[in-house]
file start_16.txt (compact mmCIF, C-alpha atoms)
# COMPACT_ATOMS: atom_id res chain seq x y z
CA MET A 1 -23.78 -25.96 -8.28
CA GLN A 2 -24.13 -23.13 -5.80
CA LYS A 3 -27.20 -20.94 -5.98
CA GLY A 4 -26.60 -17.85 -8.11
CA LEU A 5 -23.87 -19.34 -10.26
CA ASN A 6 -26.45 -20.67 -12.77
CA VAL A 7 -27.24 -17.06 -13.59
CA MET A 8 -23.74 -16.70 -15.01
CA ALA A 9 -24.09 -19.77 -17.25
CA ASN A 10 -26.34 -17.71 -19.53
CA PRO A 11 -25.18 -14.13 -20.19
CA SER A 12 -28.68 -13.10 -21.24
CA ILE A 13 -29.94 -13.38 -17.66
CA LEU A 14 -27.27 -11.22 -16.04
CA TYR A 15 -29.45 -8.31 -14.96
CA SER A 16 -27.05 -5.96 -13.19
CA ILE A 17 -23.41 -5.20 -12.58
CA SER A 18 -24.05 -5.19 -8.83
CA GLU A 19 -25.40 -8.74 -9.16
CA ALA A 20 -22.17 -9.77 -10.87
CA ASN A 21 -20.15 -8.13 -8.08
CA ARG A 22 -22.05 -10.06 -5.41
CA GLU A 23 -21.36 -13.33 -7.22
CA LEU A 24 -17.68 -12.55 -7.66
CA GLU A 25 -17.28 -11.53 -4.03
CA LYS A 26 -18.52 -14.98 -2.99
CA TRP A 27 -16.33 -16.77 -5.52
CA THR A 28 -13.18 -18.51 -4.34
CA PRO A 29 -11.29 -20.66 -6.85
CA ASN A 30 -10.49 -23.34 -4.28
CA ILE A 31 -14.05 -24.01 -3.12
CA THR A 32 -16.39 -22.87 -5.89
CA GLU A 33 -17.70 -25.54 -8.24
CA ASP A 34 -17.76 -23.18 -11.19
CA GLN A 35 -14.09 -22.38 -11.81
CA GLU A 36 -14.92 -20.22 -14.84
CA LEU A 37 -17.15 -17.68 -13.10
CA PRO A 38 -14.87 -14.61 -13.59
CA GLN A 39 -14.66 -15.27 -17.32
CA LYS A 40 -18.43 -15.89 -17.60
CA ILE A 41 -19.19 -12.57 -15.94
CA LEU A 42 -16.76 -10.80 -18.25
CA ASN A 43 -18.24 -12.50 -21.32
CA ALA A 44 -21.73 -11.44 -20.28
CA ILE A 45 -20.69 -7.80 -19.91
CA GLU A 46 -18.75 -7.74 -23.18
CA ALA A 47 -21.71 -9.32 -25.00
CA ASP A 48 -24.07 -6.59 -23.75
CA THR A 49 -23.84 -4.36 -26.81
CA GLU A 50 -27.38 -3.03 -26.27
CA GLY A 51 -26.75 -1.84 -22.71
CA THR A 52 -29.42 -4.08 -21.19
CA ILE A 53 -27.38 -4.89 -18.07
CA CYS A 54 -28.05 -2.12 -15.59
CA GLY A 55 -25.31 -0.63 -13.48
CA SER A 56 -24.04 2.70 -12.22
CA ALA A 57 -20.53 4.01 -12.66
CA ASP A 58 -19.85 3.01 -9.05
CA ASP A 59 -21.08 -0.53 -9.80
CA TYR A 60 -18.55 -0.87 -12.63
CA HIS A 61 -15.81 0.61 -10.43
CA ASN A 62 -16.61 -1.81 -7.59
CA LEU A 63 -16.67 -4.80 -9.93
CA ALA A 64 -13.34 -3.84 -11.51
CA SER A 65 -11.87 -3.48 -8.01
CA GLU A 66 -13.14 -6.94 -7.07
CA TYR A 67 -11.49 -8.47 -10.14
CA ALA A 68 -8.23 -6.72 -9.19
CA ARG A 69 -8.45 -7.96 -5.59
CA LYS A 70 -8.60 -11.49 -6.97
CA GLY A 71 -5.58 -10.84 -9.18
CA PHE A 72 -7.39 -10.56 -12.54
CA TYR A 73 -5.92 -7.23 -13.63
CA ALA A 74 -6.55 -7.60 -17.37
CA MET A 75 -10.18 -8.49 -16.68
CA ALA A 76 -10.44 -5.57 -14.24
CA ALA A 77 -9.21 -3.25 -16.99
CA THR A 78 -11.80 -4.66 -19.41
CA ILE A 79 -14.61 -4.08 -16.88
CA ALA A 80 -13.44 -0.49 -16.37
CA VAL A 81 -13.33 0.06 -20.14
CA ALA A 82 -16.88 -1.29 -20.42
CA GLY A 83 -18.03 1.09 -17.70
CA ALA A 84 -16.25 4.07 -19.26
CA SER A 85 -17.92 3.37 -22.62
CA ARG A 86 -21.20 4.09 -20.84
CA TYR A 87 -19.99 6.73 -18.37
CA THR A 88 -17.53 8.46 -20.66
CA TYR A 89 -16.02 11.00 -18.27
CA ASN A 90 -16.28 9.22 -14.93
CA ILE A 91 -13.07 9.97 -13.05
CA ASP A 92 -12.87 6.71 -11.11
CA LEU A 93 -13.42 4.52 -14.17
CA LEU A 94 -10.81 6.35 -16.23
CA ALA A 95 -8.38 6.06 -13.31
CA ASP A 96 -9.24 2.35 -13.00
CA ILE A 97 -8.44 1.83 -16.68
CA ILE A 98 -5.02 3.42 -16.18
CA LYS A 99 -4.28 1.46 -13.01
CA TYR A 100 -5.36 -2.00 -14.14
CA SER A 101 -4.11 -1.57 -17.70
CA CYS A 102 -0.68 -0.65 -16.33
CA ASP A 103 -0.82 -3.72 -14.10
CA SER A 104 -1.59 -5.91 -17.14
CA GLN A 105 0.65 -3.94 -19.54
CA ARG A 106 -2.16 -2.79 -21.81
CA TRP A 107 -0.44 0.45 -22.67
CA ASN A 108 -2.85 1.57 -25.39
CA ASN A 109 -5.71 1.50 -22.87
CA CYS A 110 -3.60 3.58 -20.49
CA LYS A 111 -2.81 6.13 -23.16
CA LYS A 112 -6.44 6.59 -24.22
CA ALA A 113 -7.75 6.89 -20.65
CA TYR A 114 -4.98 9.30 -19.64
CA GLU A 115 -5.59 11.49 -22.68
CA ARG A 116 -9.31 11.61 -21.90
CA LEU A 117 -8.58 12.56 -18.28
CA CYS A 118 -6.28 15.34 -19.47
CA THR A 119 -9.15 16.97 -21.39
CA MET A 120 -10.91 17.49 -18.06
CA ASN A 121 -10.37 20.23 -15.51
CA LYS A 122 -7.86 19.03 -12.88
CA LYS A 123 -10.21 20.38 -10.20
CA LEU A 124 -12.43 17.41 -11.00
CA TRP A 125 -9.65 14.87 -10.53
CA ASN A 126 -9.46 12.79 -7.35
CA TRP A 127 -6.55 10.97 -5.72
CA ARG A 128 -6.99 7.96 -8.00
CA ALA A 129 -6.73 10.08 -11.14
CA PHE A 130 -3.59 11.85 -9.94
CA THR A 131 -1.83 8.87 -8.39
CA PHE A 132 -2.51 6.37 -11.18
CA SER A 133 -1.69 8.92 -13.89
CA ILE A 134 1.65 9.74 -12.24
CA ASN A 135 2.43 6.02 -11.89
CA TYR A 136 1.58 5.54 -15.57
CA LEU A 137 3.99 8.30 -16.54
CA ILE A 138 6.66 6.74 -14.31
CA ASP A 139 6.16 3.42 -16.10
CA ARG A 140 6.55 5.21 -19.43
CA CYS A 141 9.83 6.73 -18.26
CA SER A 142 11.29 3.24 -17.83
CA THR A 143 10.70 2.40 -21.51
CA GLU A 144 11.54 5.65 -23.28
CA GLU A 145 14.76 7.01 -24.75
CA LEU A 146 16.53 9.78 -22.88
CA LEU A 147 15.06 12.87 -24.59
CA VAL A 148 11.49 11.52 -24.62
CA ARG A 149 11.89 10.29 -21.06
CA GLU A 150 12.84 13.79 -19.91
CA VAL A 151 9.62 15.20 -21.36
CA THR A 152 7.54 12.46 -19.70
CA TYR A 153 9.33 12.92 -16.38
CA ASN A 154 8.72 16.68 -16.39
CA GLU A 155 5.07 16.03 -17.22
CA ALA A 156 4.81 13.70 -14.21
CA LEU A 157 6.57 16.22 -11.96
CA ALA A 158 4.23 19.01 -13.08
CA LEU A 159 1.26 16.74 -12.44
CA SER A 160 2.50 15.97 -8.93
CA LYS A 161 2.76 19.70 -8.19
CA GLU A 162 -0.80 20.22 -9.44
CA TYR A 163 -1.84 17.35 -7.18
CA LYS A 164 -0.27 19.06 -4.17
CA GLU A 165 -1.89 22.39 -5.00
CA SER A 166 -5.34 20.84 -5.41
CA SER A 167 -5.10 18.52 -2.37
CA LEU A 168 -2.89 20.08 0.28
CA GLN A 169 -4.26 17.69 2.92
CA ASP A 170 -3.67 14.52 0.90
CA GLU A 171 -0.31 13.04 1.88
CA ARG A 172 -0.24 10.92 -1.28
CA ALA A 173 0.50 14.08 -3.29
CA TRP A 174 3.68 14.65 -1.31
CA VAL A 175 4.71 10.99 -1.55
CA ALA A 176 4.17 11.04 -5.33
CA GLU A 177 6.45 14.05 -5.76
CA ALA A 178 9.08 12.52 -3.48
CA GLU A 179 9.05 9.30 -5.53
CA LEU A 180 9.75 11.33 -8.66
CA PHE A 181 12.72 13.05 -7.00
CA LEU A 182 14.05 9.66 -5.87
CA MET A 183 13.85 8.44 -9.48
CA GLU A 184 16.44 11.10 -10.33
CA ASN A 185 18.51 10.40 -7.17
CA GLU A 186 17.57 13.84 -5.83
CA VAL A 187 17.34 12.49 -2.30
CA GLU A 188 17.54 15.82 -0.49
CA LYS A 189 14.62 17.18 -2.52
CA ALA A 190 12.65 14.04 -1.73
CA ILE A 191 13.34 14.39 1.99
CA GLN A 192 12.35 18.05 2.01
CA THR A 193 9.12 17.26 0.16
CA LEU A 194 8.21 14.55 2.68
CA VAL A 195 9.13 16.70 5.70
CA ASP A 196 6.98 19.48 4.26
CA GLY A 197 4.19 16.94 3.75
CA VAL A 198 4.27 15.91 7.41
CA ALA A 199 4.18 19.57 8.45
CA GLN A 200 1.42 20.50 6.00
CA VAL A 201 -0.86 17.48 6.37
CA GLY A 202 -0.25 16.67 10.03
CA VAL A 203 -1.52 13.09 9.93
CA ALA A 204 0.78 11.68 7.23
CA PRO A 205 1.92 8.13 8.05
CA GLN A 206 2.83 7.34 4.42
CA CYS A 207 5.22 10.29 4.37
CA CYS A 208 6.70 9.02 7.64
CA VAL A 209 7.20 5.51 6.26
CA LYS A 210 9.01 6.88 3.22
CA LEU A 211 11.15 9.18 5.36
CA SER A 212 12.02 6.34 7.72
CA ASP A 213 13.09 4.16 4.80
CA ILE A 214 15.28 6.90 3.33
CA TYR A 215 16.93 7.73 6.65
CA LEU A 216 17.48 4.04 7.45
CA LYS A 217 19.40 3.57 4.19
CA ARG A 218 21.48 6.66 5.02
CA GLY A 219 22.24 5.47 8.54
CA GLU A 220 20.51 8.48 10.12
CA TYR A 221 18.98 6.40 12.89
CA GLU A 222 17.76 9.22 15.13
CA ASN A 223 15.65 10.53 12.27
CA VAL A 224 14.27 7.04 11.64
CA ILE A 225 13.16 6.85 15.26
CA LYS A 226 11.69 10.36 15.09
CA TYR A 227 9.57 9.82 12.00
CA SER A 228 8.56 6.24 12.77
CA ALA A 229 7.20 7.53 16.10
CA ILE A 230 5.32 10.36 14.35
CA GLY A 231 3.99 7.85 11.82
CA ALA A 232 2.90 5.36 14.49
CA ARG A 233 0.99 8.13 16.23
CA ALA A 234 -0.60 9.11 12.92
CA THR A 235 -1.94 5.56 12.42
CA ALA A 236 -4.22 5.97 15.44
CA GLN A 237 -7.29 6.31 13.24
CA GLU A 238 -10.04 4.00 12.05
CA GLN A 239 -8.53 3.37 8.63
CA PRO A 240 -4.82 4.26 8.76
CA SER A 241 -3.02 4.61 5.44
CA ALA A 242 0.21 2.90 6.54
CA SER A 243 1.22 -0.24 8.43
CA ILE A 244 1.82 0.36 12.14
CA ALA A 245 3.71 -2.95 12.28
CA TYR A 246 6.18 -1.72 9.66
CA LEU A 247 6.69 1.57 11.50
CA TYR A 248 7.56 -0.32 14.71
CA TYR A 249 9.81 -2.60 12.68
CA VAL A 250 11.94 0.23 11.22
CA SER A 251 11.99 1.90 14.63
CA ALA A 252 13.38 -1.30 16.14
CA LEU A 253 16.01 -1.59 13.40
CA ALA A 254 17.17 1.98 14.05
CA LYS A 255 17.35 1.49 17.82
CA ASP A 256 19.15 -1.82 17.26
CA ALA A 257 21.69 -0.12 14.99
CA LEU A 258 22.35 2.62 17.55
CA ILE A 259 23.00 -0.01 20.23
CA HIS A 260 25.55 -1.74 17.98
CA GLN A 261 27.10 1.61 17.09
CA ALA A 262 27.46 2.57 20.77
CA ALA A 263 28.96 -0.84 21.57
CA ARG A 264 31.73 -0.27 19.04
CA GLU A 265 32.44 3.22 20.32
CA GLN A 266 32.26 2.63 24.08
CA ASP A 267 35.18 2.76 26.51
CA ASN A 268 35.56 0.23 29.30
CA GLY A 269 33.22 0.90 32.18
CA THR A 270 30.52 2.75 30.25
CA VAL A 271 26.90 1.63 30.16
CA ASP A 272 26.49 2.22 26.45
CA GLY A 273 25.79 -0.36 23.82
CA PHE A 274 24.63 -3.78 24.95
CA CYS A 275 25.19 -2.84 28.60
CA ASN A 276 22.43 -0.26 28.31
CA HIS A 277 19.55 -2.61 29.09
CA ASP A 278 16.97 0.17 28.91
CA ALA A 279 17.91 0.82 25.29
CA VAL A 280 18.04 -2.90 24.48
CA ASN A 281 14.64 -3.51 26.02
CA ASP A 282 13.21 -0.55 24.12
CA ALA A 283 14.37 -2.07 20.83
CA LEU A 284 13.14 -5.54 21.84
CA ILE A 285 9.69 -4.15 22.65
CA ASP A 286 9.45 -2.55 19.21
CA TYR A 287 10.50 -5.83 17.60
CA GLU A 288 7.91 -7.72 19.65
CA ILE A 289 5.07 -5.34 18.74
CA ALA A 290 5.97 -5.49 15.05
CA GLU A 291 6.30 -9.28 15.11
CA LYS A 292 2.99 -9.95 16.79
CA ILE A 293 1.03 -7.60 14.56
CA PHE A 294 2.68 -9.06 11.46
CA LEU A 295 1.62 -12.51 12.68
CA ILE A 296 -1.95 -11.39 13.30
CA LYS A 297 -2.07 -9.94 9.79
CA HIS A 298 -0.47 -13.08 8.32
CA GLN A 299 2.43 -11.05 6.92
CA SER A 300 5.67 -13.02 7.14
CA SER A 301 8.11 -10.96 5.05
CA TYR A 302 10.01 -9.46 7.97
CA LEU A 303 9.69 -12.20 10.60
CA GLN A 304 13.04 -13.90 10.00
CA THR A 305 14.90 -10.62 10.28
CA ILE A 306 13.03 -9.70 13.47
CA ARG A 307 13.77 -13.04 15.12
CA ALA A 308 17.45 -12.95 14.14
CA ARG A 309 17.90 -9.40 15.46
CA ARG A 310 16.13 -10.24 18.73
CA ILE A 311 18.45 -13.21 19.29
CA ILE A 312 21.51 -11.03 18.72
CA LEU A 313 20.33 -8.34 21.14
CA GLN A 314 19.37 -10.84 23.82
CA LYS A 315 22.61 -12.81 23.59
CA LYS A 316 24.88 -9.75 23.43
CA SER A 317 23.12 -7.97 26.29
CA GLY A 318 22.60 -11.01 28.48
CA ILE A 319 18.88 -10.28 28.76
CA VAL A 320 17.01 -13.54 29.24
CA ALA A 321 14.39 -14.16 26.59
CA GLU A 322 10.89 -14.72 27.92
CA GLY A 323 10.16 -17.27 25.18
CA ASN A 324 10.16 -17.15 21.44
CA ILE A 325 7.18 -16.35 19.35
CA GLU A 326 6.68 -19.93 18.10
CA GLU A 327 5.86 -21.03 21.63
CA GLU A 328 3.24 -18.35 22.16
CA SER A 329 0.29 -19.93 20.38
CA THR A 330 -0.92 -20.63 23.94
CA PRO A 331 0.05 -17.52 25.95
CA LYS A 332 2.00 -18.26 29.11
CA SER A 333 0.34 -15.70 31.32
CA ARG A 334 -2.62 -13.43 31.71
CA THR A 335 -0.39 -10.50 30.79
CA ASP A 336 0.62 -12.07 27.46
CA ASN A 337 -2.98 -13.01 26.76
CA ASP A 338 -4.16 -9.47 27.40
CA LEU A 339 -1.42 -8.10 25.11
CA LEU A 340 -2.40 -10.42 22.30
CA ARG A 341 -6.05 -9.51 22.68
CA GLN A 342 -5.26 -5.79 22.62
CA LEU A 343 -3.05 -6.21 19.56
CA HIS A 344 -5.81 -8.17 17.84
CA LEU A 345 -8.26 -5.33 18.46
CA LEU A 346 -5.66 -2.86 17.21
CA SER A 347 -5.08 -4.88 14.06
CA GLN A 348 -8.75 -4.67 13.17
CA ILE A 349 -8.39 -0.94 12.50
CA ILE A 350 -5.24 -1.31 10.42
CA ASP A 351 -5.60 -1.16 6.64
CA SER A 352 -3.34 -3.90 5.51
CA ASN A 353 -3.06 -2.67 2.04
CA ASN A 354 -0.56 0.15 2.05
CA ASP A 355 0.57 0.56 -0.40
CA MET A 356 0.83 1.03 -2.19
CA ALA A 357 -4.65 1.78 -3.94
call {"tool": "encode", "arguments": {"input": "start_16.txt", "output": "structure tokens"}}
result
Amino acid sequence: MQKGLNVMANPSILYSISEANRELEKWTPNITEDQELPQKILNAIEADTEGTICGSADDYHNLASEYARKGFYAMAATIAVAGASRYTYNIDLLADIIKYSCDSQRWNNCKKAYERLCTMNKKLWNWRAFTFSINYLIDRCSTEELLVREVTYNEALALSKEYKESSLQDERAWVAEAELFLMENEVEKAIQTLVDGVAQVGVAPQCCVKLSDIYLKRGEYENVIKYSAIGARATAQEQPSASIAYLYYVSALAKDALIHQAAREQDNGTVDGFCNHDAVNDALIDYEIAEKIFLIKHQSSYLQTIRARRIILQKKSGIVAEGNIEEESTPKSRTDNDLLRQLHLLSQIIDSNNDMA
């Protein structure tokens, strides 16, 4: 058995929450001999009624987050509850309880943590408290009858406005309000909120992603291109809050759609549509960038669509393909190799978890 795991066999010798976090970080169910480690850690913490296991509020928060990263949301909620029993009004732990209890459908935990948060001054709340509380209220809306739902929805909307007022430079406040408008099919209000968010915050890639999605569904392709470009520029930071690959992907889809639209509308002899090779190449480049970054990040959700759309553009335009992506495990040229290396370096600064904590 690996060194350190014996500690977890006996709850009485678990000395600290940070120790438990280190053990769990190393734990992988496919390679670790002790398949029950997450449960043993949890049992040790729950058995500590005397508070002999040392740990700060941040230690409990980090351990709960580690459980969630490994997909143990109910256990993550239990860890957060244990931490909040010691650090009664810690914002992060109360927010963690709401988040992970929602994920594991432990609604009573959510209710208690939310009510405790609401006794505190909103000036003390952080993005986790606002975002997870609003998401909790949204979840409640989906289970309540019409009159009760209206009250809950208005509560969530009021909370989103408080979020904006307290954190004008946090784009998540604007996204949260826009999501609430979209729930009620108030699309124009959602768009205006997100546009205002981009103007107010400046660097707001999440707002740009949401705007691009809305405009793509509405067929407003020029606006998709506009906001995907603004969003891609906004991801030029060490820890961007949105996927640059996805922004290039929606940009490519919009450019692709405009090419098809122009091809239907063109008269004989024009250079619009598929005859406009500059436009086609522009779309193909966006597809290529998105595809390669998705591959580097091991994200395959959009690859089939990208490859199908590239084939259509290449065949319709007569542009000769330089080779498909499956053949590029060994790059054909120094130029391709340099591009892959640059994209790999770029991917290292991209926070793959968007969305959505």
call {"tool": "residues_around", "arguments": {"input": "start_16.txt", "residues": "Ile306 (chain A)", "least_positions_apart": "2", "cutoff": "8 Å", "atoms": "all atoms listed in the file", "output": "PyMOL selection string"}}
result
chain A and resi 249+287+291+302-304+308-310
call {"tool": "residues_around", "arguments": {"input": "start_16.txt", "residues": "Glu46 (chain A)", "least_positions_apart": "5", "cutoff": "12 Å", "atoms": "only C-alpha atoms", "output": "ChimeraX atom specification"}}
result
/A:11-12,14,17,39-41,51-53,75,78-83,85
call {"tool": "write_last_selection", "arguments": {"input": "start_16.txt", "atoms": "C-alpha atoms", "output": "PDB file, in the coordinates of the input"}}
result
ATOM      1  CA  PRO A  11     -25.180 -14.130 -20.190  1.00  0.00           C
ATOM      2  CA  SER A  12     -28.680 -13.100 -21.240  1.00  0.00           C
ATOM      3  CA  LEU A  14     -27.270 -11.220 -16.040  1.00  0.00           C
ATOM      4  CA  ILE A  17     -23.410  -5.200 -12.580  1.00  0.00           C
ATOM      5  CA  GLN A  39     -14.660 -15.270 -17.320  1.00  0.00           C
ATOM      6  CA  LYS A  40     -18.430 -15.890 -17.600  1.00  0.00           C
ATOM      7  CA  ILE A  41     -19.190 -12.570 -15.940  1.00  0.00           C
ATOM      8  CA  GLY A  51     -26.750  -1.840 -22.710  1.00  0.00           C
ATOM      9  CA  THR A  52     -29.420  -4.080 -21.190  1.00  0.00           C
ATOM     10  CA  ILE A  53     -27.380  -4.890 -18.070  1.00  0.00           C
ATOM     11  CA  MET A  75     -10.180  -8.490 -16.680  1.00  0.00           C
ATOM     12  CA  THR A  78     -11.800  -4.660 -19.410  1.00  0.00           C
ATOM     13  CA  ILE A  79     -14.610  -4.080 -16.880  1.00  0.00           C
ATOM     14  CA  ALA A  80     -13.440  -0.490 -16.370  1.00  0.00           C
ATOM     15  CA  VAL A  81     -13.330   0.060 -20.140  1.00  0.00           C
ATOM     16  CA  ALA A  82     -16.880  -1.290 -20.420  1.00  0.00           C
ATOM     17  CA  GLY A  83     -18.030   1.090 -17.700  1.00  0.00           C
ATOM     18  CA  SER A  85     -17.920   3.370 -22.620  1.00  0.00           C
TER      19      SER A  85
END
call {"tool": "closest_residue", "arguments": {"input": "start_16.txt", "among": "A:Asn281, A:Ser300, A:Gln206, A:Ser65", "to": "Val320 (chain A)", "atoms": "all atoms listed in the file"}}
result
A:Asn281
call {"tool": "residues_around", "arguments": {"input": "start_16.txt", "residues": "region 136-145 of chain A", "least_positions_apart": "6", "cutoff": "10 Å", "atoms": "only C-alpha atoms", "output": "PyMOL selection string"}}
result
chain A and resi 98-99+101-103+105+107+110-111+114+130+151-157+159+179-180+183
call {"tool": "atom_distance", "arguments": {"input": "start_16.txt", "atom1": "CA of Ala68 (chain A)", "atom2": "CA of Ser301 (chain A)"}}
result
22.1 Å
call {"tool": "closest_residue", "arguments": {"input": "start_16.txt", "among": "A:Arg233, A:Tyr246, A:Asp282, A:Glu184", "to": "Leu258 (chain A)", "atoms": "only C-alpha atoms"}}
result
A:Asp282
call {"tool": "decode", "arguments": {"input": "start_16.txt", "residues": "region 104-155 of chain A", "atoms": "C-alpha atoms", "output": "PDB file, in the first residue's frame"}}
result
ATOM      1  CA  SER A 104     -26.093  16.261  -5.210  1.00  0.00           C
ATOM      2  CA  GLN A 105     -29.714  17.419  -4.705  1.00  0.00           C
ATOM      3  CA  ARG A 106     -29.423  17.893  -0.951  1.00  0.00           C
ATOM      4  CA  TRP A 107     -31.925  20.718  -0.903  1.00  0.00           C
ATOM      5  CA  ASN A 108     -32.214  21.034   2.874  1.00  0.00           C
ATOM      6  CA  ASN A 109     -28.470  21.750   3.097  1.00  0.00           C
ATOM      7  CA  CYS A 110     -28.867  24.395   0.390  1.00  0.00           C
ATOM      8  CA  LYS A 111     -31.737  26.049   2.208  1.00  0.00           C
ATOM      9  CA  LYS A 112     -29.915  26.241   5.549  1.00  0.00           C
ATOM     10  CA  ALA A 113     -26.683  27.579   4.042  1.00  0.00           C
ATOM     11  CA  TYR A 114     -28.522  30.135   1.908  1.00  0.00           C
ATOM     12  CA  GLU A 115     -30.549  31.361   4.872  1.00  0.00           C
ATOM     13  CA  ARG A 116     -27.378  31.758   6.923  1.00  0.00           C
ATOM     14  CA  LEU A 117     -25.721  33.711   4.110  1.00  0.00           C
ATOM     15  CA  CYS A 118     -28.753  35.990   3.894  1.00  0.00           C
ATOM     16  CA  THR A 119     -28.296  37.027   7.533  1.00  0.00           C
ATOM     17  CA  MET A 120     -24.936  38.521   6.550  1.00  0.00           C
ATOM     18  CA  ASN A 121     -24.230  41.883   4.947  1.00  0.00           C
ATOM     19  CA  LYS A 122     -24.051  41.461   1.149  1.00  0.00           C
ATOM     20  CA  LYS A 123     -20.875  43.568   1.186  1.00  0.00           C
ATOM     21  CA  LEU A 124     -19.172  40.522   2.688  1.00  0.00           C
ATOM     22  CA  TRP A 125     -20.331  38.192  -0.073  1.00  0.00           C
ATOM     23  CA  ASN A 126     -17.926  37.119  -2.823  1.00  0.00           C
ATOM     24  CA  TRP A 127     -18.569  35.808  -6.328  1.00  0.00           C
ATOM     25  CA  ARG A 128     -19.121  32.271  -5.050  1.00  0.00           C
ATOM     26  CA  ALA A 129     -21.819  33.380  -2.626  1.00  0.00           C
ATOM     27  CA  PHE A 130     -23.676  35.380  -5.272  1.00  0.00           C
ATOM     28  CA  THR A 131     -23.290  32.947  -8.166  1.00  0.00           C
ATOM     29  CA  PHE A 132     -24.108  29.760  -6.256  1.00  0.00           C
ATOM     30  CA  SER A 133     -27.030  31.400  -4.441  1.00  0.00           C
ATOM     31  CA  ILE A 134     -28.529  32.606  -7.729  1.00  0.00           C
ATOM     32  CA  ASN A 135     -28.065  29.138  -9.251  1.00  0.00           C
ATOM     33  CA  TYR A 136     -29.776  27.621  -6.209  1.00  0.00           C
ATOM     34  CA  LEU A 137     -32.748  29.945  -6.654  1.00  0.00           C
ATOM     35  CA  ILE A 138     -32.870  29.062 -10.361  1.00  0.00           C
ATOM     36  CA  ASP A 139     -32.988  25.370  -9.436  1.00  0.00           C
ATOM     37  CA  ARG A 140     -35.840  26.106  -7.043  1.00  0.00           C
ATOM     38  CA  CYS A 141     -37.756  27.849  -9.823  1.00  0.00           C
ATOM     39  CA  SER A 142     -37.788  24.618 -11.819  1.00  0.00           C
ATOM     40  CA  THR A 143     -39.609  22.749  -9.029  1.00  0.00           C
ATOM     41  CA  GLU A 144     -42.072  25.335  -7.727  1.00  0.00           C
ATOM     42  CA  GLU A 145     -45.646  26.157  -8.671  1.00  0.00           C
ATOM     43  CA  LEU A 146     -46.285  29.325 -10.635  1.00  0.00           C
ATOM     44  CA  LEU A 147     -47.004  31.804  -7.816  1.00  0.00           C
ATOM     45  CA  VAL A 148     -44.165  30.559  -5.595  1.00  0.00           C
ATOM     46  CA  ARG A 149     -41.844  30.410  -8.588  1.00  0.00           C
ATOM     47  CA  GLU A 150     -42.514  34.077  -9.344  1.00  0.00           C
ATOM     48  CA  VAL A 151     -41.443  35.058  -5.830  1.00  0.00           C
ATOM     49  CA  THR A 152     -38.265  32.948  -6.089  1.00  0.00           C
ATOM     50  CA  TYR A 153     -37.468  34.330  -9.542  1.00  0.00           C
ATOM     51  CA  ASN A 154     -37.833  37.930  -8.356  1.00  0.00           C
ATOM     52  CA  GLU A 155     -35.603  37.122  -5.390  1.00  0.00           C
TER      53      GLU A 155
END
